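Engineer: Right, I'll just put the structure down here and ask away after.
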Amino acid sequence: MACAVPQKCAPRFRTLLRLYLCLPLVLSSALLVLCLAYFSPVSAFVSGVAVALSIVAVAILPGMYYERRFYTRHRRWLKLEGGLFVRTITLIPREQIVCTRLRRGPLERILGLYTVVLVTSAGPVFMPGLLREDAARLRELIEQP
Amino acid sequence: MRMPAGGWEFTHPAPSPRLRVNAGHFPQREAGGVRRQSRCLIIFAALRVLPGSASLISFVWLTLRRLIPSLSQHNRMCGSLVVLFALLLSVLWGVAVWLRGDWELTADRIRISRGIFLRRESLISKKAVISAHSERTILSGIMGCRWVTVRTADRHPDRLLLSEQAASMLTAQLVPSRPGPCRSYRAPSSALWLSALGGEGFAAFFSAVAPLSSLLWDMVIKPLQAHFSLITNGRDLALGTAAVWGVVWLFKILHSRISSARANFSLADGRLRLCRGVISLRTDMVYSSRVCAVETRSSLLGCLLKKQSCSLLTPGERRYALLPTEGSRRLRIETATLFPHGDMICAVRPLSLGLSYASGRWMACIAVLPALSILRGLFPALSVTIPVAGSVAALLLAWRALASTVSSGRAGLTQFADSAEITGVKGLSIRTLRVFRPSIGIIRITQSPLSRQLSRCSLRIIPRGNRRSSVKCVKLPFERTVKVCERMM
């Protein structure tokens with residue numbers, strides 16, 4: 001596990017994030033448009049802005065999130081960096097990783113992505129958006145004595 | 001054996017059963033047979049289900065009486081039968097619990113099985129045992145038995161009701177200790193009163209009472225007043241509620257005073273023996289090597305009076321109260337005697353001190369006021385609850401901000417050769433968490449957009465198996481914190 005080069009998730013992870021983001025944003029903006037149309041007579045402009053903002057968010061935010069998320073394997077620990085606005089660095093000692101799990105949702109299955117769950121003694125840590133080979137290799141490296 | 005209050009004593013093990021450190025006189029059992037718990041378990045299990053069985057049989061009886069009107073003529077006899085049936089059902093349940101629960105101790109592990117319908121069997125290796133807890137309540141004391149709890153890293157420990165002799169044997173087998181010198185400490189009475197009357201007790205009390213009583217006024221009494229002319233002075237009811245809460249709080253103080261009375265501990269051969277309580281006597285035998293962190297806690301009032309309390313954290317979210325509220329210096333000495341510090345390697349301190357350290361928290365405190373006026377406009381029906389709840393929230397936030405301001409001088413991360421020490425504010429108290437290096441579970445460094453501009457971060461260390469007991473320190477220099485944390489790994 002001596003790879004101190006930061007590694008990124010698979011590029012397809014951006015598509016997955018867009019899909020994850022699309023549904024709640026579309027629903028919330030539709031709700032907002034309906035609310036404004038019902039309560040306020042001058043809603044056309046505000047509704048338009050809300051919809052435009054939603055589209056921009058769906059287009060830009062997943063890319064930003066993807067660019068800021070990477071992980072680094074060191075000999076004795078694992079470092080995960082991520083976060084869209086609030087940047088988070090998580091350091092996990094290797095000996096605290098109890099086991100690893102693979103998790104795949106329906107969208108992940110469609111896109112051929114995997115989420116590796118590191119079960120540590122201080123709680124689970126999720127590493128989403130990995131390709132099959134990367135996930136398998138990561139698990140193998142972590143589970144090496 | 002008499003011990004000096006609040007002091008260390010280097011002696012040989014005491015003959016008293018409560019203070020005996022070397023309970024391991026019992027020969028090591030090579031192979032043990034299957035054993036049952038004490039027969040007193042029947043009574044305990046029966047008492048536990050008695051209310052349920054009584055209500056069930058009463059319900060059946062009332063239904064039958066409604067269906068068969070002739071039964072009403074034999075009310076007295078049937079009432080007695082109902083009571084008898086309830087007792088019989090409870091006792092049968094107790095017998096079933098006793099029959100279906102057994103335990104077996106072998107050379108390297110203990111097997112505990114229980115459950116009537118859903119069987120649960122635990123196989124616990126002796127190496128996995130973190131502590132053995134034995135408790136003698138009034139009832140179990142009269143019956144001559146004790147509750148023994150075997151604690152592992154699992155959050156749900158296994159509990160057994162055993163006779164005095166079997167309990168002593170099991171505890172000694174699970175956490176054995178060899179004869180040798182032991183160190184003992186006994187808490188002085190004043191420290192116990194101080195811990196019972198902690199500053200946070202006041203805050204928690206007022207934060208619970210004030211919004212509840214005002215909500216009662218808004219939601220119950222005002223609508224009732226409109227319908228029933230008899231309720232003229234509803235505010236008395238709110239005061240009555242507050243008085244009841246006050247009495248409950250006083251009972252809480254009394255309970256914590258009694259339960260932590262005669263608090264003492266002794267250390268021998270790497271095993272800590274923690275005893276406390278007057279009415280129910282609790283004894284914990286803990287492997288000191290399996291302690292993953294030492295937490296020192298000080299309320300705002302305690303900080304001003306230079307008083308702190310200390311507890312030990314073990315995996316499985318288990319906390320053992322080690323020392324009650326004591327002077328900071330004395331507590332430092334006692335803790336260092338038990339868990340000596342390694343050499344200090346480096347320290348990281350916050351970039352700002354005093355008011356600027358807690359500026360975010362002060363801002364949150366101020367932001368409550370405009371939020372209150374907006375909420376009052378939105379919900380006019382809650383005219384009492386919103387101001388009261390808002391002022392309590394502002395009070396709690398101000399308390400937290402003040403604690404942050406006071407603790408800014410001590411806040412930070414210190415790296416020792418064997419441990420990492422982090423000081424910060426959690427809830428309403430100032431906490432110092434000393435996590436031993438092999439027990440560091442996760443280190444989390446967070447940067448908000450503003451912190452990124454100012455090149456500072458907040459740090460949280462989560463000990464192994466204690467996700468809820470982490471402490472966060474804010475406004476640390478980013479680059480240095482990352483370097484120190486990486487070195488700690």
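Identifiers for the structure tokens are assigned positionally: chains receive A, B, ... in sequence, residues are indexed from 1 per chain, and ligands are indexed from 1 in the order shown.
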Kindly provide, as a PyMOL selection string, the residues of chain A having any atom no farther than 10 Å from an atom of chain B, counting only C-alpha atoms.

Structural biologist: chain A and resi 76-97+120-123+125

Engineer: Using the selection just defined, write its residues with N, CA and C atoms as a PDB file, in the first residue's frame.

Structural biologist:
ATOM      1  N   ARG A  76       1.114   3.174   5.773  1.00  0.00           N
ATOM      2  CA  ARG A  76       0.433   2.875   7.028  1.00  0.00           C
ATOM      3  C   ARG A  76      -0.940   3.520   7.151  1.00  0.00           C
ATOM      4  N   TRP A  77      -1.281   4.371   6.217  1.00  0.00           N
ATOM      5  CA  TRP A  77      -2.582   5.026   6.316  1.00  0.00           C
ATOM      6  C   TRP A  77      -3.118   5.414   4.954  1.00  0.00           C
ATOM      7  N   LEU A  78      -4.385   5.787   4.985  1.00  0.00           N
ATOM      8  CA  LEU A  78      -5.089   6.154   3.761  1.00  0.00           C
ATOM      9  C   LEU A  78      -5.613   7.581   3.938  1.00  0.00           C
ATOM     10  N   LYS A  79      -5.467   8.386   2.902  1.00  0.00           N
ATOM     11  CA  LYS A  79      -5.899   9.784   3.017  1.00  0.00           C
ATOM     12  C   LYS A  79      -6.975  10.041   1.968  1.00  0.00           C
ATOM     13  N   LEU A  80      -8.129  10.518   2.410  1.00  0.00           N
ATOM     14  CA  LEU A  80      -9.209  10.829   1.479  1.00  0.00           C
ATOM     15  C   LEU A  80      -9.464  12.323   1.522  1.00  0.00           C
ATOM     16  N   GLU A  81      -9.536  12.933   0.359  1.00  0.00           N
ATOM     17  CA  GLU A  81      -9.841  14.373   0.300  1.00  0.00           C
ATOM     18  C   GLU A  81     -11.093  14.566  -0.525  1.00  0.00           C
ATOM     19  N   GLY A  82     -11.891  15.513  -0.139  1.00  0.00           N
ATOM     20  CA  GLY A  82     -13.118  15.757  -0.893  1.00  0.00           C
ATOM     21  C   GLY A  82     -13.879  16.928  -0.330  1.00  0.00           C
ATOM     22  N   GLY A  83     -15.056  17.154  -0.890  1.00  0.00           N
ATOM     23  CA  GLY A  83     -15.906  18.238  -0.404  1.00  0.00           C
ATOM     24  C   GLY A  83     -16.061  19.320  -1.438  1.00  0.00           C
ATOM     25  N   LEU A  84     -17.301  19.719  -1.640  1.00  0.00           N
ATOM     26  CA  LEU A  84     -17.580  20.718  -2.670  1.00  0.00           C
ATOM     27  C   LEU A  84     -17.214  22.114  -2.173  1.00  0.00           C
ATOM     28  N   PHE A  85     -17.836  22.527  -1.107  1.00  0.00           N
ATOM     29  CA  PHE A  85     -17.532  23.841  -0.528  1.00  0.00           C
ATOM     30  C   PHE A  85     -16.661  23.689   0.722  1.00  0.00           C
ATOM     31  N   VAL A  86     -17.055  22.760   1.573  1.00  0.00           N
ATOM     32  CA  VAL A  86     -16.257  22.499   2.781  1.00  0.00           C
ATOM     33  C   VAL A  86     -15.292  21.354   2.470  1.00  0.00           C
ATOM     34  N   ARG A  87     -14.017  21.655   2.462  1.00  0.00           N
ATOM     35  CA  ARG A  87     -13.021  20.646   2.126  1.00  0.00           C
ATOM     36  C   ARG A  87     -12.750  19.759   3.350  1.00  0.00           C
ATOM     37  N   THR A  88     -12.750  18.470   3.129  1.00  0.00           N
ATOM     38  CA  THR A  88     -12.528  17.534   4.239  1.00  0.00           C
ATOM     39  C   THR A  88     -11.379  16.600   3.909  1.00  0.00           C
ATOM     40  N   ILE A  89     -10.465  16.470   4.840  1.00  0.00           N
ATOM     41  CA  ILE A  89      -9.371  15.496   4.700  1.00  0.00           C
ATOM     42  C   ILE A  89      -9.563  14.455   5.794  1.00  0.00           C
ATOM     43  N   THR A  90      -9.640  13.199   5.391  1.00  0.00           N
ATOM     44  CA  THR A  90      -9.824  12.125   6.371  1.00  0.00           C
ATOM     45  C   THR A  90      -8.603  11.219   6.338  1.00  0.00           C
ATOM     46  N   LEU A  91      -7.997  11.033   7.481  1.00  0.00           N
ATOM     47  CA  LEU A  91      -6.837  10.137   7.593  1.00  0.00           C
ATOM     48  C   LEU A  91      -7.264   8.885   8.354  1.00  0.00           C
ATOM     49  N   ILE A  92      -7.054   7.741   7.735  1.00  0.00           N
ATOM     50  CA  ILE A  92      -7.467   6.475   8.369  1.00  0.00           C
ATOM     51  C   ILE A  92      -6.241   5.582   8.532  1.00  0.00           C
ATOM     52  N   PRO A  93      -5.876   5.245   9.762  1.00  0.00           N
ATOM     53  CA  PRO A  93      -4.758   4.293   9.942  1.00  0.00           C
ATOM     54  C   PRO A  93      -5.153   2.929   9.383  1.00  0.00           C
ATOM     55  N   ARG A  94      -4.226   2.276   8.748  1.00  0.00           N
ATOM     56  CA  ARG A  94      -4.542   1.021   8.068  1.00  0.00           C
ATOM     57  C   ARG A  94      -4.984  -0.069   9.048  1.00  0.00           C
ATOM     58  N   GLU A  95      -4.368  -0.068  10.238  1.00  0.00           N
ATOM     59  CA  GLU A  95      -4.712  -1.128  11.190  1.00  0.00           C
ATOM     60  C   GLU A  95      -6.121  -0.968  11.766  1.00  0.00           C
ATOM     61  N   GLN A  96      -6.712   0.220  11.564  1.00  0.00           N
ATOM     62  CA  GLN A  96      -8.077   0.423  12.074  1.00  0.00           C
ATOM     63  C   GLN A  96      -9.143  -0.031  11.091  1.00  0.00           C
ATOM     64  N   ILE A  97      -8.735  -0.399   9.886  1.00  0.00           N
ATOM     65  CA  ILE A  97      -9.720  -0.870   8.901  1.00  0.00           C
ATOM     66  C   ILE A  97     -10.043  -2.331   9.219  1.00  0.00           C
ATOM     67  N   THR A 120     -14.257   0.846   9.493  1.00  0.00           N
ATOM     68  CA  THR A 120     -13.188   1.071  10.469  1.00  0.00           C
ATOM     69  C   THR A 120     -13.753   0.964  11.878  1.00  0.00           C
ATOM     70  N   SER A 121     -12.865   0.923  12.831  1.00  0.00           N
ATOM     71  CA  SER A 121     -13.322   0.819  14.224  1.00  0.00           C
ATOM     72  C   SER A 121     -13.982   2.107  14.689  1.00  0.00           C
ATOM     73  N   ALA A 122     -13.844   3.180  13.914  1.00  0.00           N
ATOM     74  CA  ALA A 122     -14.475   4.449  14.301  1.00  0.00           C
ATOM     75  C   ALA A 122     -15.624   4.800  13.361  1.00  0.00           C
ATOM     76  N   GLY A 123     -16.130   3.832  12.616  1.00  0.00           N
ATOM     77  CA  GLY A 123     -17.274   4.075  11.735  1.00  0.00           C
ATOM     78  C   GLY A 123     -16.928   3.820  10.280  1.00  0.00           C
ATOM     79  N   VAL A 125     -16.370   4.438   6.237  1.00  0.00           N
ATOM     80  CA  VAL A 125     -15.921   5.519   5.351  1.00  0.00           C
ATOM     81  C   VAL A 125     -16.213   5.066   3.919  1.00  0.00           C
TER      82      VAL A 125
END

Engineer: I'd like the neighbourhood of Ser131 (chain B) as JSON, numbers by chain, where a residue qualifies if any of its atoms comes within 6 Å (using only C-alpha atoms), though same-chain residues fewer than 3 positions away should be ignored.

Structural biologist: {"B": [151, 285, 286]}

Engineer: Find, counting only C-alpha atoms, the residue in B:His74, B:Arg282, B:Arg35, B:Arg400 that gets nearest to Ala132 (chain B).

Structural biologist: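 Of B:His74, B:Arg282, B:Arg35, B:Arg400, the one nearest Ala132 (chain B), counting only C-alpha atoms, is B:Arg282.
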
Engineer: Just checking: using only C-alpha atoms, which residue out of B:Arg276, B:Arg262, B:Arg431, B:Lys472 ends up closest to Gly302 (chain B)?

Structural biologist: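 Under the stated criterion, the closest residue is B:Arg431.
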
Engineer: When you count only C-alpha atoms, which of these residues is closest to Val58 (chain A): A:Val98, A:Met127, A:Leu17, A:Phe70?

Structural biologist: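 Residue with the minimum atom-to-atom distance to Val58 (chain A): A:Leu17.
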
Engineer: Here is a test: counting only C-alpha atoms, which residue of B:Asp154, B:Ala394, B:Ile130, B:Arg332 is nearest to Asp284 (chain B)?

Structural biologist: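 For Asp284 (chain B), the nearest of the candidates is B:Ile130.
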
Engineer: Quick one: residues within 12 Å of Pro11 (chain A), only C-alpha atoms counted, chain neighbours fewer than 3 positions away excluded, as a list of chain:residue names?

Structural biologist: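 Everything that qualifies: A:Gln7, A:Lys8, A:Arg14, A:Thr15, A:Leu16, A:Leu17, A:Arg18, A:Pro62, A:Gly63, A:Tyr65, A:Tyr66, A:Glu67, A:Arg69, A:Phe70, A:Leu111, A:Gly112, A:Leu113, A:Pro128, A:Gly129, A:Leu130, A:Leu131.
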
Engineer: Can you tell me, as a list in words, what residues are no more than 7 Å from Leu353 (chain B) when counting only C-alpha atoms, ignoring any on the same chain fewer than 4 positions away?

Structural biologist: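 Listing them by chain and then by number gives Tyr357, Ser408 and Gly409 of chain B.
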
Engineer: Generate the output file for the selected residues, C-alpha atoms, as a PDB file, in the first residue's frame.

Structural biologist:
ATOM      1  CA  TYR B 357     -11.267  32.327  18.670  1.00  0.00           C
ATOM      2  CA  SER B 408      -8.922  29.275  23.764  1.00  0.00           C
ATOM      3  CA  GLY B 409      -5.664  29.389  25.723  1.00  0.00           C
TER       4      GLY B 409
END

Engineer: If you count only C-alpha atoms, which residues fall within 10 Å of Gly33 (chain B), apart from same-chain ones fewer than 3 positions away, as a VMD selection string?

Structural biologist: chain B and resid 36 103 to 106

Engineer: Nearest to Ala107 (chain B): which of B:Leu174, B:Pro387, B:Arg76, B:Trp93 is it, counting only C-alpha atoms?

Structural biologist: B:Leu174
